[in-house]
Amino acid sequence: MRVLVIYCHPVETSYNAALHTEVLAGLRSAGHEVDDCDLYAEGFDPVLSREERLGYHEVPGNRVPVQRYVDRLLRAEAVVFCFPTWCFGMPAMLKGFFDRVLMPGVAFDISDPNNVKPSLTHIRRISAVVTYGRARWTALLMGDPPRKSVTRYMRLLTGGRARVDYHACYHMNVATTPRLDAFRQRVGRAMARFA
């Protein structure tokens with residue numbers, strides 16, 4: 001498949017960077033065509049400007065500021081997210097990607113506001129590799145917004161057709177090296193079986 005990997009972390013020596021490397025290696029070993037979108041390395045601007053917001057519903061002109069990201073998303077058959085959870089949410093950079101790229105005419109058809117239709121029906125698979133600083137029960141207490149954004153919202157945009165999996169490493173603040181290594185290896189195996 002054509003897989004768009006959306007990676008979001010500013011530090012190249014982080015554990016998330018190691019997970020990103022594992023994701024890419026696993027997908028490539030499975031024979032997938034990988035488009036690696038490193039939001040920080042590419043200098044993605046997460047800010048939805050006043051002008052963009054005013055033109056948000058103007059399809060297809062709304063695509064112009066982020067056309068290259070729209071093109072990559074529309075070309076993909078699968079999407080894999082790799083990011084940390086900060087303050088029980090996505091990093092601002094990734095949230096900005098959702099705000100600016102998953103727009104009318106791209107992710108959904110809002111021409112009839114009473115009957116919004118999904119537009120990412122070409123996406124067959126969605127996966128995420130996510131780290132959390134706190135324990136899972138804390139994330140659950142907060143509603144775990146990152147998990148819902150991937151497993152519910154993204155899937156909804158595919159018309160409920162995409163198969164979704166979510167690989168979460170909780171309680172990074174006290175994680176041991178063996179536990180981190182085991183999770184990284186589990187991610188690699190999952191990506192090598194990605195279909």
# chains A, B, ... in the order shown; residues from 1 in each chain; ligands from 1
call {"tool": "select_by_dssp", "arguments": {"residues": "range 3-146 of chain A", "states": "strand (DSSP E)", "output": "JSON, numbers by chain"}}
result
{"A": [3, 4, 5, 6, 7, 33, 34, 35, 36, 37, 38, 78, 79, 80, 81, 82, 83, 84, 108, 109, 117, 118, 125, 126, 127, 128, 129, 130, 131]}
call {"tool": "select_by_dssp", "arguments": {"residues": "range 2-182 of chain A", "states": "alpha helix (DSSP H)", "output": "MDAnalysis selection string"}}
result
chainID A and resid 15:29 50:54 67:75 92:101 136:141 145:148 155:157 177:182
call {"tool": "closest_residue", "arguments": {"among": "A:Val47, A:Ala92, A:Ile6, A:Ala162", "to": "Arg72 in chain A", "atoms": "only C-alpha atoms"}}
result
A:Ile6
call {"tool": "residues_around", "arguments": {"residues": "range 150-161 of chain A", "least_positions_apart": "4", "cutoff": "10 Å", "atoms": "only C-alpha atoms", "output": "PyMOL selection string"}}
result
chain A and resi 79-81+98+102+106-109+117-128+145-146+165-166
call {"tool": "write_last_selection", "arguments": {"atoms": "N, CA, C and O atoms", "output": "short mmCIF file (atom, residue, chain, number, x, y, z; two decimals), in the first residue's frame"}}
result
data_model
loop_
_atom_site.label_atom_id
_atom_site.label_comp_id
_atom_site.auth_asym_id
_atom_site.auth_seq_id
_atom_site.Cartn_x
_atom_site.Cartn_y
_atom_site.Cartn_z
N VAL A 79 -2.68 5.44 6.65
CA VAL A 79 -2.02 6.50 7.41
C VAL A 79 -1.54 5.91 8.74
O VAL A 79 -2.30 5.21 9.42
N VAL A 80 -0.30 6.22 9.09
CA VAL A 80 0.26 5.81 10.37
C VAL A 80 0.74 7.07 11.08
O VAL A 80 1.56 7.82 10.55
N PHE A 81 0.21 7.30 12.27
CA PHE A 81 0.63 8.44 13.10
C PHE A 81 1.66 7.97 14.11
O PHE A 81 1.53 6.87 14.66
N PHE A 98 -4.34 18.43 11.78
CA PHE A 98 -5.76 18.05 11.74
C PHE A 98 -6.62 19.26 11.37
O PHE A 98 -7.50 19.17 10.52
N LEU A 102 -7.40 18.40 7.41
CA LEU A 102 -8.64 17.61 7.40
C LEU A 102 -9.83 18.57 7.31
O LEU A 102 -10.56 18.78 8.26
N VAL A 106 -11.79 17.80 1.49
CA VAL A 106 -10.65 16.88 1.61
C VAL A 106 -11.05 15.70 2.48
O VAL A 106 -11.08 14.56 2.01
N ALA A 107 -11.38 15.96 3.74
CA ALA A 107 -11.71 14.89 4.68
C ALA A 107 -13.20 14.63 4.77
O ALA A 107 -13.62 13.54 5.16
N PHE A 108 -14.00 15.61 4.42
CA PHE A 108 -15.46 15.44 4.47
C PHE A 108 -16.13 16.42 3.52
O PHE A 108 -15.57 17.44 3.13
N ASP A 109 -17.35 16.05 3.14
CA ASP A 109 -18.18 16.87 2.26
C ASP A 109 -19.27 17.50 3.13
O ASP A 109 -20.11 16.79 3.69
N LYS A 117 -20.74 14.11 4.81
CA LYS A 117 -20.29 12.81 4.29
C LYS A 117 -18.77 12.68 4.39
O LYS A 117 -18.06 13.65 4.13
N PRO A 118 -18.27 11.52 4.74
CA PRO A 118 -16.82 11.30 4.80
C PRO A 118 -16.22 11.31 3.40
O PRO A 118 -16.86 10.86 2.44
N SER A 119 -15.00 11.83 3.28
CA SER A 119 -14.33 11.88 1.98
C SER A 119 -13.03 11.09 1.91
O SER A 119 -12.44 10.98 0.85
N LEU A 120 -12.57 10.56 3.04
CA LEU A 120 -11.32 9.78 3.03
C LEU A 120 -11.61 8.30 2.86
O LEU A 120 -10.97 7.44 3.47
N THR A 121 -12.56 7.99 2.00
CA THR A 121 -12.99 6.60 1.82
C THR A 121 -11.94 5.74 1.11
O THR A 121 -12.08 4.52 1.07
N HIS A 122 -10.91 6.36 0.56
CA HIS A 122 -9.81 5.62 -0.07
C HIS A 122 -8.81 5.08 0.96
O HIS A 122 -7.99 4.23 0.63
N ILE A 123 -8.89 5.56 2.19
CA ILE A 123 -7.98 5.10 3.25
C ILE A 123 -8.51 3.78 3.81
O ILE A 123 -9.61 3.71 4.34
N ARG A 124 -7.69 2.72 3.67
CA ARG A 124 -8.11 1.38 4.11
C ARG A 124 -7.58 1.01 5.50
O ARG A 124 -8.13 0.13 6.15
N ARG A 125 -6.48 1.66 5.90
CA ARG A 125 -5.84 1.30 7.18
C ARG A 125 -5.38 2.55 7.88
O ARG A 125 -4.88 3.48 7.27
N ILE A 126 -5.54 2.54 9.20
CA ILE A 126 -5.05 3.62 10.06
C ILE A 126 -4.37 2.96 11.26
O ILE A 126 -4.89 1.99 11.81
N SER A 127 -3.25 3.52 11.63
CA SER A 127 -2.56 3.02 12.82
C SER A 127 -1.91 4.21 13.53
O SER A 127 -1.71 5.26 12.92
N ALA A 128 -1.62 4.01 14.80
CA ALA A 128 -0.92 5.04 15.56
C ALA A 128 0.03 4.40 16.55
O ALA A 128 -0.26 3.34 17.11
N PRO A 145 -8.11 11.80 24.67
CA PRO A 145 -8.40 12.42 23.37
C PRO A 145 -7.55 11.94 22.20
O PRO A 145 -8.10 11.76 21.10
N PRO A 146 -6.23 11.68 22.37
CA PRO A 146 -5.48 11.21 21.20
C PRO A 146 -6.01 9.89 20.65
O PRO A 146 -6.13 9.71 19.44
N ASP A 165 -5.65 0.34 14.28
CA ASP A 165 -5.03 -0.16 15.49
C ASP A 165 -4.24 0.97 16.15
O ASP A 165 -3.87 1.95 15.51
N TYR A 166 -4.07 0.84 17.44
CA TYR A 166 -3.51 1.90 18.26
C TYR A 166 -2.50 1.28 19.22
O TYR A 166 -2.87 0.48 20.08
#
call {"tool": "atom_distance", "arguments": {"atom1": "CA of Ala135 in chain A", "atom2": "CA of Gly96 in chain A"}}
result
25.8 Å
call {"tool": "closest_atom_pairs", "arguments": {"of": "range 94-171 of chain A", "to": "range 14-19 of chain A", "cutoff": "10 Å", "atoms": "only C-alpha atoms", "output": "Markdown table"}}
result
| residue | atom | partner | partner_atom | distance |
| --- | --- | --- | --- | --- |
| A:Val129 | CA | A:Leu19 | CA | 7.6 |
| A:Val130 | CA | A:Asn16 | CA | 8.2 |
| A:Thr131 | CA | A:Asn16 | CA | 7.5 |
call {"tool": "closest_residue", "arguments": {"among": "A:Cys82, A:Leu94, A:Leu73, A:Leu180", "to": "Gly43 in chain A", "atoms": "only C-alpha atoms"}}
result
A:Leu94
call {"tool": "residues_around", "arguments": {"residues": "His171 in chain A", "least_positions_apart": "2", "cutoff": "9 Å", "atoms": "only C-alpha atoms", "output": "list in words"}}
result
Thr131, Tyr132, Gly133, Arg134, Ala135, Arg136, Cys169, Asn173, Val174 and Ala175 of chain A
call {"tool": "atom_distance", "arguments": {"atom1": "CA of Asp99 in chain A", "atom2": "CA of Arg63 in chain A"}}
result
12.1 Å
call {"tool": "residues_around", "arguments": {"residues": "Pro65 in chain A", "least_positions_apart": "3", "cutoff": "9 Å", "atoms": "only C-alpha atoms", "output": "short mmCIF file (atom, residue, chain, number, x, y, z; two decimals) with C-alpha atoms, in the first residue's frame"}}
result
data_model
loop_
_atom_site.label_atom_id
_atom_site.label_comp_id
_atom_site.auth_asym_id
_atom_site.auth_seq_id
_atom_site.Cartn_x
_atom_site.Cartn_y
_atom_site.Cartn_z
CA GLU A 52 -7.69 30.32 6.00
CA GLY A 61 -9.68 27.11 -2.85
CA ASN A 62 -9.35 26.18 0.83
CA ARG A 68 1.14 19.53 -0.85
CA ARG A 100 -5.58 22.74 8.51
#
call {"tool": "closest_residue", "arguments": {"among": "A:Val187, A:Ala182, A:Ala78, A:Ala139", "to": "Arg163 in chain A", "atoms": "only C-alpha atoms"}}
result
A:Ala78
